[in-house]
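Colleague: This is protein_5.json, which holds JSON, C-alpha atoms and all ligand atoms:
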```json
[["chain", "number", "residue", "atom", "x", "y", "z"],
["A", 9, "MET", "CA", 13.87, 10.47, -7.55],
["A", 10, "SER", "CA", 12.28, 7.24, -8.58],
["A", 11, "TYR", "CA", 10.51, 6.73, -11.89],
["A", 12, "LEU", "CA", 7.68, 5.42, -9.69],
["A", 13, "LYS", "CA", 5.63, 8.40, -8.50],
["A", 14, "ASN", "CA", 3.01, 6.79, -6.29],
["A", 15, "LEU", "CA", 1.48, 3.49, -5.19],
["A", 16, "ASN", "CA", -1.51, 3.68, -7.48],
["A", 17, "TYR", "CA", -3.46, 0.48, -6.82],
["A", 18, "LEU", "CA", -3.31, -2.95, -5.22],
["A", 19, "ILE", "CA", -4.51, -6.27, -6.54],
["A", 20, "LEU", "CA", -5.40, -8.78, -3.85],
["A", 21, "GLY", "CA", -6.10, -12.48, -4.30],
["A", 22, "SER", "CA", -8.73, -14.09, -2.09],
["A", 23, "SER", "CA", -11.14, -16.99, -1.81],
["A", 24, "ARG", "CA", -13.30, -14.78, 0.43],
["A", 25, "ILE", "CA", -14.75, -12.33, -2.09],
["A", 26, "ASP", "CA", -18.09, -11.90, -0.30],
["A", 27, "GLU", "CA", -16.34, -11.02, 2.95],
["A", 28, "TRP", "CA", -14.15, -8.52, 1.14],
["A", 29, "HIS", "CA", -17.26, -6.97, -0.47],
["A", 30, "SER", "CA", -18.76, -6.28, 2.93],
["A", 31, "TYR", "CA", -15.39, -5.22, 4.39],
["A", 32, "PHE", "CA", -14.87, -2.56, 1.72],
["A", 33, "THR", "CA", -18.49, -1.38, 1.65],
["A", 34, "ASP", "CA", -19.62, -1.48, 5.26],
["A", 35, "PHE", "CA", -16.36, -0.96, 7.16],
["A", 36, "LEU", "CA", -14.12, 1.09, 4.87],
["A", 37, "SER", "CA", -17.13, 2.86, 3.32],
["A", 38, "MET", "CA", -15.75, 2.63, -0.21],
["A", 39, "GLU", "CA", -17.64, 1.96, -3.46],
["A", 40, "VAL", "CA", -17.49, -1.65, -4.71],
["A", 41, "HIS", "CA", -18.19, -2.74, -8.27],
["A", 42, "GLU", "CA", -18.61, -6.44, -9.03],
["A", 43, "GLN", "CA", -16.96, -7.52, -12.27],
["A", 44, "ALA", "CA", -18.10, -10.18, -14.74],
["A", 45, "ASP", "CA", -15.17, -12.46, -13.82],
["A", 46, "GLY", "CA", -16.15, -12.45, -10.14],
["A", 47, "SER", "CA", -13.54, -9.93, -9.03],
["A", 48, "LEU", "CA", -14.27, -6.66, -7.22],
["A", 49, "LYS", "CA", -13.10, -3.21, -8.19],
["A", 50, "VAL", "CA", -13.11, -0.73, -5.35],
["A", 51, "ARG", "CA", -13.21, 3.05, -5.64],
["A", 52, "MET", "CA", -12.05, 5.46, -2.92],
["A", 53, "ASP", "CA", -11.50, 8.65, -4.96],
["A", 54, "GLU", "CA", -11.71, 10.02, -8.49],
["A", 55, "GLN", "CA", -9.70, 7.17, -9.94],
["A", 56, "ALA", "CA", -11.61, 4.32, -11.65],
["A", 57, "TYR", "CA", -10.54, 1.99, -8.81],
["A", 58, "ARG", "CA", -7.80, 1.63, -6.20],
["A", 59, "PHE", "CA", -8.22, -2.04, -5.27],
["A", 60, "ILE", "CA", -9.02, -5.15, -7.25],
["A", 61, "VAL", "CA", -9.85, -8.33, -5.35],
["A", 62, "LYS", "CA", -9.42, -11.35, -7.60],
["A", 63, "PRO", "CA", -10.85, -14.81, -6.88],
["A", 64, "SER", "CA", -7.91, -16.97, -5.81],
["A", 65, "GLU", "CA", -7.32, -20.12, -3.80],
["A", 66, "THR", "CA", -4.72, -18.33, -1.71],
["A", 67, "GLU", "CA", -4.90, -15.15, 0.33],
["A", 68, "ASP", "CA", -2.32, -12.43, -0.23],
["A", 69, "ILE", "CA", -1.27, -9.44, -2.23],
["A", 70, "TRP", "CA", -1.26, -10.36, -5.93],
["A", 71, "ALA", "CA", 0.34, -7.21, -7.34],
["A", 72, "ALA", "CA", 1.19, -3.63, -6.43],
["A", 73, "GLY", "CA", 0.67, -1.01, -9.16],
["A", 74, "PHE", "CA", 2.91, 2.04, -9.32],
["A", 75, "GLN", "CA", 2.33, 5.08, -11.52],
["A", 76, "VAL", "CA", 5.01, 6.44, -13.84],
["A", 77, "ALA", "CA", 4.67, 10.00, -15.20],
["A", 78, "ASN", "CA", 3.93, 9.13, -18.83],
["A", 79, "ARG", "CA", 4.56, 6.60, -21.58],
["A", 80, "ALA", "CA", 8.06, 7.89, -22.40],
["A", 81, "GLU", "CA", 9.04, 7.54, -18.73],
["A", 82, "LEU", "CA", 7.52, 4.06, -18.69],
["A", 83, "ARG", "CA", 9.82, 3.03, -21.56],
["A", 84, "ALA", "CA", 12.82, 4.72, -19.92],
["A", 85, "PHE", "CA", 12.08, 2.92, -16.65],
["A", 86, "GLU", "CA", 11.86, -0.42, -18.47],
["A", 87, "GLN", "CA", 15.25, 0.23, -20.08],
["A", 88, "HIS", "CA", 16.67, 1.14, -16.68],
["A", 89, "LEU", "CA", 15.44, -2.14, -15.16],
["A", 90, "ARG", "CA", 16.69, -4.21, -18.11],
["A", 91, "SER", "CA", 20.11, -2.59, -17.81],
["A", 92, "ARG", "CA", 20.14, -3.84, -14.20],
["A", 93, "GLY", "CA", 19.26, -7.37, -15.32],
["A", 94, "ILE", "CA", 15.62, -7.23, -14.18],
["A", 95, "GLU", "CA", 13.18, -9.16, -16.36],
["A", 96, "CYS", "CA", 10.27, -7.01, -17.59],
["A", 97, "VAL", "CA", 7.05, -8.37, -19.07],
["A", 98, "HIS", "CA", 4.68, -6.21, -21.11],
["A", 99, "GLY", "CA", 1.04, -6.34, -20.03],
["A", 100, "THR", "CA", -1.34, -8.20, -22.30],
["A", 101, "ALA", "CA", -4.24, -6.35, -23.96],
["A", 102, "ASP", "CA", -6.56, -7.90, -21.36],
["A", 103, "GLU", "CA", -4.34, -6.76, -18.48],
["A", 104, "VAL", "CA", -4.11, -3.21, -19.84],
["A", 105, "ALA", "CA", -7.89, -3.14, -20.27],
["A", 106, "GLU", "CA", -8.53, -4.47, -16.75],
["A", 107, "ARG", "CA", -6.09, -2.00, -15.20],
["A", 108, "GLN", "CA", -7.72, 0.88, -17.16],
["A", 109, "VAL", "CA", -4.33, 2.42, -17.96],
["A", 110, "GLU", "CA", -2.64, 3.61, -21.13],
["A", 111, "ASP", "CA", 0.22, 1.12, -20.90],
["A", 112, "MET", "CA", 1.93, -1.17, -18.39],
["A", 113, "PHE", "CA", 4.63, -3.74, -17.77],
["A", 114, "TRP", "CA", 5.50, -5.81, -14.70],
["A", 115, "PHE", "CA", 8.54, -7.18, -12.93],
["A", 116, "GLN", "CA", 9.24, -8.80, -9.57],
["A", 117, "ASP", "CA", 11.01, -7.80, -6.39],
["A", 118, "PRO", "CA", 13.71, -10.16, -5.01],
["A", 119, "GLU", "CA", 11.10, -12.25, -3.18],
["A", 120, "GLY", "CA", 8.69, -12.58, -6.07],
["A", 121, "LEU", "CA", 6.19, -9.78, -5.43],
["A", 122, "ARG", "CA", 4.68, -8.68, -8.72],
["A", 123, "LEU", "CA", 5.19, -4.93, -9.25],
["A", 124, "GLU", "CA", 3.30, -3.26, -12.09],
["A", 125, "ALA", "CA", 4.41, 0.02, -13.64],
["A", 126, "VAL", "CA", 1.58, 1.90, -15.36],
["A", 127, "CYS", "CA", 0.90, 5.25, -16.95],
["A", 128, "ASN", "CA", -2.23, 7.35, -17.28],
["A", 129, "PRO", "CA", -4.73, 5.52, -15.03],
["A", 130, "LEU", "CA", -8.35, 6.37, -15.82],
["A", 131, "ARG", "CA", -10.08, 8.99, -13.70],
["A", 132, "LEU", "CA", -13.86, 9.26, -13.60],
["A", 133, "SER", "CA", -15.78, 12.52, -13.50],
["A", 134, "GLU", "CA", -18.33, 11.03, -11.09],
["A", 135, "PRO", "CA", -17.01, 10.89, -7.49],
["A", 136, "PRO", "CA", -17.51, 7.63, -5.59],
["A", 137, "ALA", "CA", -20.03, 7.29, -2.79],
["A", 138, "LEU", "CA", -18.10, 7.32, 0.51],
["A", 139, "PRO", "CA", -20.96, 7.63, 3.01],
["A", 140, "HIS", "CA", -18.85, 7.55, 6.19],
["A", 141, "ILE", "CA", -15.79, 9.39, 4.91],
["A", 142, "PRO", "CA", -16.68, 13.10, 4.90],
["A", 143, "GLY", "CA", -13.78, 14.93, 3.26],
["A", 144, "GLY", "CA", -12.65, 11.77, 1.49],
["A", 145, "PHE", "CA", -9.41, 9.85, 1.69],
["A", 146, "LEU", "CA", -5.97, 11.46, 1.38],
["A", 147, "THR", "CA", -4.86, 10.21, -2.04],
["A", 148, "GLY", "CA", -4.06, 12.26, -5.18],
["A", 149, "SER", "CA", -0.37, 12.49, -6.03],
["A", 150, "GLN", "CA", 0.45, 10.50, -2.86],
["A", 151, "GLY", "CA", -1.29, 7.41, -4.25],
["A", 152, "PHE", "CA", -3.90, 5.44, -2.31],
["A", 153, "GLY", "CA", -1.77, 4.99, 0.84],
["A", 154, "HIS", "CA", 1.02, 2.60, 1.79],
["A", 155, "ILE", "CA", 1.78, -1.08, 2.17],
["A", 156, "ALA", "CA", 3.94, -2.94, 4.66],
["A", 157, "ILE", "CA", 5.37, -6.19, 3.39],
["A", 158, "THR", "CA", 7.63, -8.83, 4.87],
["A", 159, "ALA", "CA", 11.08, -9.76, 3.59],
["A", 160, "GLU", "CA", 13.00, -12.92, 4.46],
["A", 161, "ASP", "CA", 16.20, -11.29, 3.21],
["A", 162, "LEU", "CA", 15.77, -7.70, 4.30],
["A", 163, "ASP", "CA", 19.20, -6.61, 3.07],
["A", 164, "ALA", "CA", 18.52, -7.86, -0.47],
["A", 165, "CYS", "CA", 15.02, -6.35, -0.58],
["A", 166, "GLU", "CA", 16.21, -3.05, 0.88],
["A", 167, "ALA", "CA", 18.98, -2.83, -1.71],
["A", 168, "PHE", "CA", 16.51, -3.53, -4.52],
["A", 169, "TYR", "CA", 14.03, -0.83, -3.54],
["A", 170, "LYS", "CA", 16.76, 1.68, -2.70],
["A", 171, "ASP", "CA", 19.32, 1.12, -5.44],
["A", 172, "VAL", "CA", 17.29, -0.30, -8.35],
["A", 173, "LEU", "CA", 13.96, 1.48, -7.89],
["A", 174, "ASP", "CA", 15.51, 4.60, -6.32],
["A", 175, "PHE", "CA", 13.11, 4.71, -3.36],
["A", 176, "LYS", "CA", 14.33, 7.10, -0.65],
["A", 177, "VAL", "CA", 14.80, 5.81, 2.91],
["A", 178, "SER", "CA", 12.57, 7.72, 5.35],
["A", 179, "ASP", "CA", 13.83, 6.02, 8.52],
["A", 180, "TYR", "CA", 14.36, 2.72, 10.31],
["A", 181, "ILE", "CA", 12.86, 1.04, 13.35],
["A", 182, "ARG", "CA", 14.58, -1.73, 15.30],
["A", 183, "GLN", "CA", 12.39, -3.39, 17.92],
["A", 184, "ASP", "CA", 12.43, -6.63, 19.85],
["A", 185, "ILE", "CA", 9.07, -8.28, 19.34],
["A", 186, "GLN", "CA", 8.39, -11.32, 21.52],
["A", 187, "GLY", "CA", 12.13, -11.76, 22.01],
["A", 188, "PHE", "CA", 13.07, -11.43, 18.35],
["A", 189, "PRO", "CA", 14.90, -8.36, 17.06],
["A", 190, "ILE", "CA", 12.98, -7.12, 14.02],
["A", 191, "ARG", "CA", 14.15, -4.49, 11.58],
["A", 192, "PHE", "CA", 11.82, -2.24, 9.61],
["A", 193, "THR", "CA", 12.79, 0.04, 6.74],
["A", 194, "PHE", "CA", 10.49, 2.80, 5.51],
["A", 195, "PHE", "CA", 10.67, 4.31, 2.01],
["A", 196, "HIS", "CA", 9.08, 7.34, 0.34],
["A", 197, "ILE", "CA", 8.63, 8.24, -3.32],
["A", 198, "ASN", "CA", 6.43, 11.33, -2.83],
["A", 199, "PRO", "CA", 5.56, 13.54, 0.17],
["A", 200, "ARG", "CA", 3.78, 10.70, 2.00],
["A", 201, "HIS", "CA", 6.19, 9.69, 4.79],
["A", 202, "HIS", "CA", 6.28, 6.14, 3.48],
["A", 203, "THR", "CA", 4.74, 4.36, 0.55],
["A", 204, "LEU", "CA", 6.47, 1.08, 1.38],
["A", 205, "ALA", "CA", 7.61, -0.47, 4.64],
["A", 206, "LEU", "CA", 9.71, -3.62, 4.73],
["A", 207, "ALA", "CA", 9.69, -5.82, 7.83],
["A", 208, "GLY", "CA", 12.62, -8.23, 8.07],
["A", 209, "VAL", "CA", 10.68, -11.31, 9.13],
["A", 210, "PRO", "CA", 9.74, -14.52, 7.37],
["A", 211, "ALA", "CA", 5.94, -14.80, 7.29],
["A", 212, "LEU", "CA", 3.10, -16.81, 5.87],
["A", 213, "TYR", "CA", 1.82, -13.80, 3.93],
["A", 214, "ARG", "CA", 3.82, -11.20, 2.04],
["A", 215, "MET", "CA", 1.52, -8.31, 2.95],
["A", 216, "HIS", "CA", 1.20, -7.36, 6.59],
["A", 217, "HIS", "CA", -1.04, -4.37, 5.96],
["A", 218, "LEU", "CA", -2.22, -1.69, 3.62],
["A", 219, "MET", "CA", -2.86, 1.79, 4.94],
["A", 220, "VAL", "CA", -5.54, 4.30, 4.02],
["A", 221, "GLU", "CA", -5.55, 7.82, 5.43],
["A", 222, "VAL", "CA", -8.38, 10.23, 6.17],
["A", 223, "LYS", "CA", -8.26, 13.88, 7.11],
["A", 224, "ASP", "CA", -10.11, 13.91, 10.42],
["A", 225, "VAL", "CA", -9.59, 12.01, 13.67],
["A", 226, "ASP", "CA", -13.34, 11.61, 14.13],
["A", 227, "VAL", "CA", -13.49, 9.63, 10.88],
["A", 228, "VAL", "CA", -10.86, 7.28, 12.33],
["A", 229, "GLY", "CA", -12.78, 6.89, 15.59],
["A", 230, "ARG", "CA", -16.02, 6.18, 13.75],
["A", 231, "ALA", "CA", -14.26, 3.59, 11.56],
["A", 232, "LEU", "CA", -13.00, 1.83, 14.70],
["A", 233, "GLU", "CA", -16.55, 1.86, 16.05],
["A", 234, "ARG", "CA", -17.88, 0.38, 12.78],
["A", 235, "ALA", "CA", -15.25, -2.36, 12.86],
["A", 236, "LYS", "CA", -16.22, -3.28, 16.41],
["A", 237, "ASN", "CA", -19.93, -3.23, 15.57],
["A", 238, "MET", "CA", -19.21, -5.59, 12.67],
["A", 239, "ASP", "CA", -17.13, -7.90, 14.91],
["A", 240, "ILE", "CA", -14.07, -7.32, 12.74],
["A", 241, "PRO", "CA", -11.04, -8.40, 14.83],
["A", 242, "ILE", "CA", -8.85, -5.44, 15.80],
["A", 243, "HIS", "CA", -5.22, -6.40, 15.25],
["A", 244, "MET", "CA", -3.93, -3.28, 17.02],
["A", 245, "GLU", "CA", -5.93, -0.71, 18.95],
["A", 246, "MET", "CA", -5.51, 3.02, 18.41],
["A", 247, "GLY", "CA", -1.96, 4.32, 18.73],
["A", 248, "ARG", "CA", 0.63, 6.62, 17.20],
["A", 249, "HIS", "CA", 3.77, 5.71, 15.28],
["A", 250, "PRO", "CA", 6.92, 7.67, 16.23],
["A", 251, "ASN", "CA", 8.22, 8.08, 12.69],
["A", 252, "ASP", "CA", 5.30, 9.08, 10.47],
["A", 253, "ARG", "CA", 3.28, 10.41, 13.45],
["A", 254, "MET", "CA", 0.24, 8.54, 12.11],
["A", 255, "LEU", "CA", -2.64, 8.10, 14.55],
["A", 256, "SER", "CA", -4.19, 4.80, 13.54],
["A", 257, "PHE", "CA", -5.65, 1.43, 14.36],
["A", 258, "TYR", "CA", -5.32, -1.88, 12.51],
["A", 259, "ALA", "CA", -8.30, -4.07, 11.58],
["A", 260, "LYS", "CA", -7.91, -7.66, 10.36],
["A", 261, "THR", "CA", -8.99, -8.24, 6.77],
["A", 262, "PRO", "CA", -10.85, -11.30, 5.47],
["A", 263, "SER", "CA", -7.44, -12.51, 4.19],
["A", 264, "ASP", "CA", -5.71, -12.33, 7.61],
["A", 265, "SER", "CA", -3.74, -9.27, 6.56],
["A", 266, "ASN", "CA", -4.62, -5.89, 8.08],
["A", 267, "VAL", "CA", -5.84, -2.46, 7.13],
["A", 268, "GLU", "CA", -4.24, 0.44, 8.97],
["A", 269, "PHE", "CA", -6.80, 3.23, 9.13],
["A", 270, "GLY", "CA", -5.24, 6.49, 10.16],
["A", 271, "THR", "CA", -4.87, 10.23, 10.01],
["A", 272, "GLY", "CA", -2.22, 12.90, 10.42],
["A", 273, "GLY", "CA", 0.66, 11.21, 8.60],
["A", 274, "LEU", "CA", 3.80, 13.29, 8.27],
["A", 275, "GLU", "CA", 4.84, 14.59, 4.85],
["A", 276, "ILE", "CA", 8.41, 14.83, 3.61],
["A", 277, "ASN", "CA", 8.41, 17.92, 1.44],
["A", 278, "ASP", "CA", 12.08, 18.88, 1.54],
["A", 279, "GLU", "CA", 14.32, 15.95, 0.71],
["A", 280, "SER", "CA", 17.51, 17.97, 1.16],
["A", 281, "HIS", "CA", 16.73, 18.68, 4.82],
["A", 282, "TRP", "CA", 15.30, 15.26, 5.71],
["A", 283, "GLU", "CA", 17.32, 13.52, 8.41],
["A", 284, "VAL", "CA", 17.13, 9.71, 8.42],
["A", 285, "LYS", "CA", 16.72, 8.42, 11.98],
["A", 286, "THR", "CA", 16.46, 5.02, 13.66],
["A", 287, "TYR", "CA", 13.71, 4.51, 16.24],
["A", 288, "ASP", "CA", 13.59, 1.77, 18.87],
["A", 289, "ALA", "CA", 9.83, 1.18, 18.89],
["A", 290, "ILE", "CA", 7.07, 0.82, 16.32],
["A", 291, "SER", "CA", 4.65, 2.86, 18.41],
["A", 292, "GLU", "CA", 5.01, 5.90, 20.62],
["A", 293, "TRP", "CA", 1.86, 4.84, 22.50],
["A", 294, "GLY", "CA", -1.01, 2.43, 21.99],
["A", 295, "HIS", "CA", -1.29, 0.00, 19.07],
["A", 296, "LYS", "CA", -1.89, -2.70, 21.70],
["A", 297, "LEU", "CA", -2.23, -6.16, 20.23],
["A", 301, "FE", "FE", 1.57, 1.34, 8.22]]
```
Take the structure in the file and write it out as structure tokens.

Modeller:
Amino acid sequence: MSYLKNLNYLILGSSRIDEWHSYFTDFLSMEVHEQADGSLKVRMDEQAYRFIVKPSETEDIWAAGFQVANRAELRAFEQHLRSRGIECVHGTADEVAERQVEDMFWFQDPEGLRLEAVCNPLRLSEPPALPHIPGGFLTGSQGFGHIAITAEDLDACEAFYKDVLDFKVSDYIRQDIQGFPIRFTFFHINPRHHTLALAGVPALYRMHHLMVEVKDVDVVGRALERAKNMDIPIHMEMGRHPNDRMLSFYAKTPSDSNVEFGTGGLEINDESHWEVKTYDAISEWGHKL
């Protein structure tokens, strides 16, 4: 399996920090901590943070942080990447301190997304306040959730994640959307059905959505109600995906990306018996635009 064990955190760039503050606090019901440099650190579980929103002139994902088992594995992973001709850059002391990890380095995917490999992220003994998320989010060894990103050259990106990073293909979806055939590839690196989805479309933004998962359908319904009460645009109404069986809706973020808020995602616990399939639709029902 991959050196990368879970999608540990996301760093987002935005010029709309105040909107993100309210989005995380009032809609997602997470705990937001303002930092001295104007960025936000957001807690959703025992980890020190899962999201950082950095002040930026442009809106998009800034980096995705993946956890490696320990420092020795971090070094071995770096050697592996270098042997494949991938440039690796060690984190500065400031970056390591901001990430609250023991050590880190970063590299880029074929279309320039910054991927950070880290070990030993800080956990806090005090749980975060999640007033509307009884039971908490489904995180732990599965990381915070998943991301779906676009790829202009899907074949090149797919080969990178599969062959260089050793992500395992979960399944594929091929669907005509508004007359265009679009291919999606889903990858797992732990029991979560997918940690990364690639959509083979050129797009203004690299990140289409991030997904967070809760344990109870009522928590999803109440989140949809909160979004509507806050006049947050709903990108896709409630629906169910055929591959990961996730029941979810998608709410627009202040950065024009989306948050998928869902429950009931499938787990892949037995790699040897997992059958890779191709589906012909993104949704089994619902998810109306
Ligand atoms: Fe998703």

Colleague: Determine, for each residue of chain A having at least one atom at most 10 Å from an atom of ligand FE 301 (chain A), the closest pair of atoms and their separation in Å to one decimal, counting all atoms listed in the file; order by chain and ascending number, as a tab-separated table.

Modeller:
```
residue	atom	partner	partner_atom	distance
A:Gly153	CA	A:FE301	FE	8.9
A:His154	CA	A:FE301	FE	6.6
A:Ile155	CA	A:FE301	FE	6.5
A:Ala156	CA	A:FE301	FE	6.1
A:Ile157	CA	A:FE301	FE	9.7
A:Phe194	CA	A:FE301	FE	9.4
A:His202	CA	A:FE301	FE	8.2
A:Thr203	CA	A:FE301	FE	8.8
A:Leu204	CA	A:FE301	FE	8.4
A:Ala205	CA	A:FE301	FE	7.3
A:His216	CA	A:FE301	FE	8.9
A:His217	CA	A:FE301	FE	6.7
A:Leu218	CA	A:FE301	FE	6.7
A:Met219	CA	A:FE301	FE	5.5
A:Val220	CA	A:FE301	FE	8.8
A:His249	CA	A:FE301	FE	8.6
A:Asp252	CA	A:FE301	FE	8.9
A:Met254	CA	A:FE301	FE	8.3
A:Ser256	CA	A:FE301	FE	8.6
A:Phe257	CA	A:FE301	FE	9.5
A:Tyr258	CA	A:FE301	FE	8.7
A:Asn266	CA	A:FE301	FE	9.5
A:Val267	CA	A:FE301	FE	8.4
A:Glu268	CA	A:FE301	FE	5.9
A:Phe269	CA	A:FE301	FE	8.6
A:Gly270	CA	A:FE301	FE	8.8
A:Gly273	CA	A:FE301	FE	9.9
A:Ile290	CA	A:FE301	FE	9.8
```

Colleague: Would you pick out the contacts of stretch 139-145 of chain A at 6 Å or less, using only C-alpha atoms, so that residues sharing its chain but fewer than 5 positions from it are not included, and give the list as a list in words?

Modeller: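 My list of contacting residues is Ser37, Glu221 and Val222 of chain A.
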
Colleague: I'd like to know which of A:Leu232, A:Leu206, A:Val109, A:Leu146 is closest to A:Gly272, using all atoms listed in the file.

Modeller: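 That would be A:Leu146, the residue with the smallest distance to A:Gly272.
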
Colleague: As an exercise, work out the distance from atom CA of A:Arg79 to atom CA of A:Lys13 in Å and give it to one decimal place.

Modeller: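 One can read the atom CA of A:Arg79 to atom CA of A:Lys13 distance as 13.2 Å.
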
Colleague: Would you list the residues near (19.3, -10.9, 0.9) (no more than 12 Å away, in the coordinates of the file, using all atoms listed in the file) as a list of chain:residue names?

Modeller: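 Result, sorted by chain then residue number: A:Asp117, A:Pro118, A:Glu119, A:Ala159, A:Glu160, A:Asp161, A:Leu162, A:Asp163, A:Ala164, A:Cys165, A:Glu166, A:Ala167, A:Phe168, A:Gly208, A:Val209.
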
Colleague: Which one is closest to A:Asn128: A:Thr147, A:Gln75, A:Phe59, A:Arg214? Count all atoms listed in the file.

Modeller: A:Gln75

Colleague: If I take atom CA of A:Glu283 and atom CA of A:Gly151, how far is one from the other in Å, to one decimal?

Modeller: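 Taking atom CA of A:Glu283 and atom CA of A:Gly151, their separation equals 23.3 Å.
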
Colleague: May I have the residues within 12 Å of A:His281 as a PDB file with C-alpha atoms, in the coordinates of the input, using all atoms listed in the file and disregarding those fewer than 4 positions away in the same chain?

Modeller:
```pdb
ATOM      1  CA  SER A 178      12.570   7.720   5.350  1.00  0.00           C
ATOM      2  CA  ILE A 276       8.410  14.830   3.610  1.00  0.00           C
ATOM      3  CA  ASN A 277       8.410  17.920   1.440  1.00  0.00           C
TER       4      ASN A 277
END
```

Colleague: Would you please work out which residue, of A:Arg51, A:Arg248, A:Arg24, A:Arg230, is nearest to A:Gly294 when using only C-alpha atoms?

Modeller: A:Arg248

Colleague: Using all atoms listed in the file, find the one residue out of A:Ser47, A:Phe195, A:Ala101, A:Val228 that sits nearest to A:Asp171.

Modeller: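 Nearest to A:Asp171: A:Phe195.
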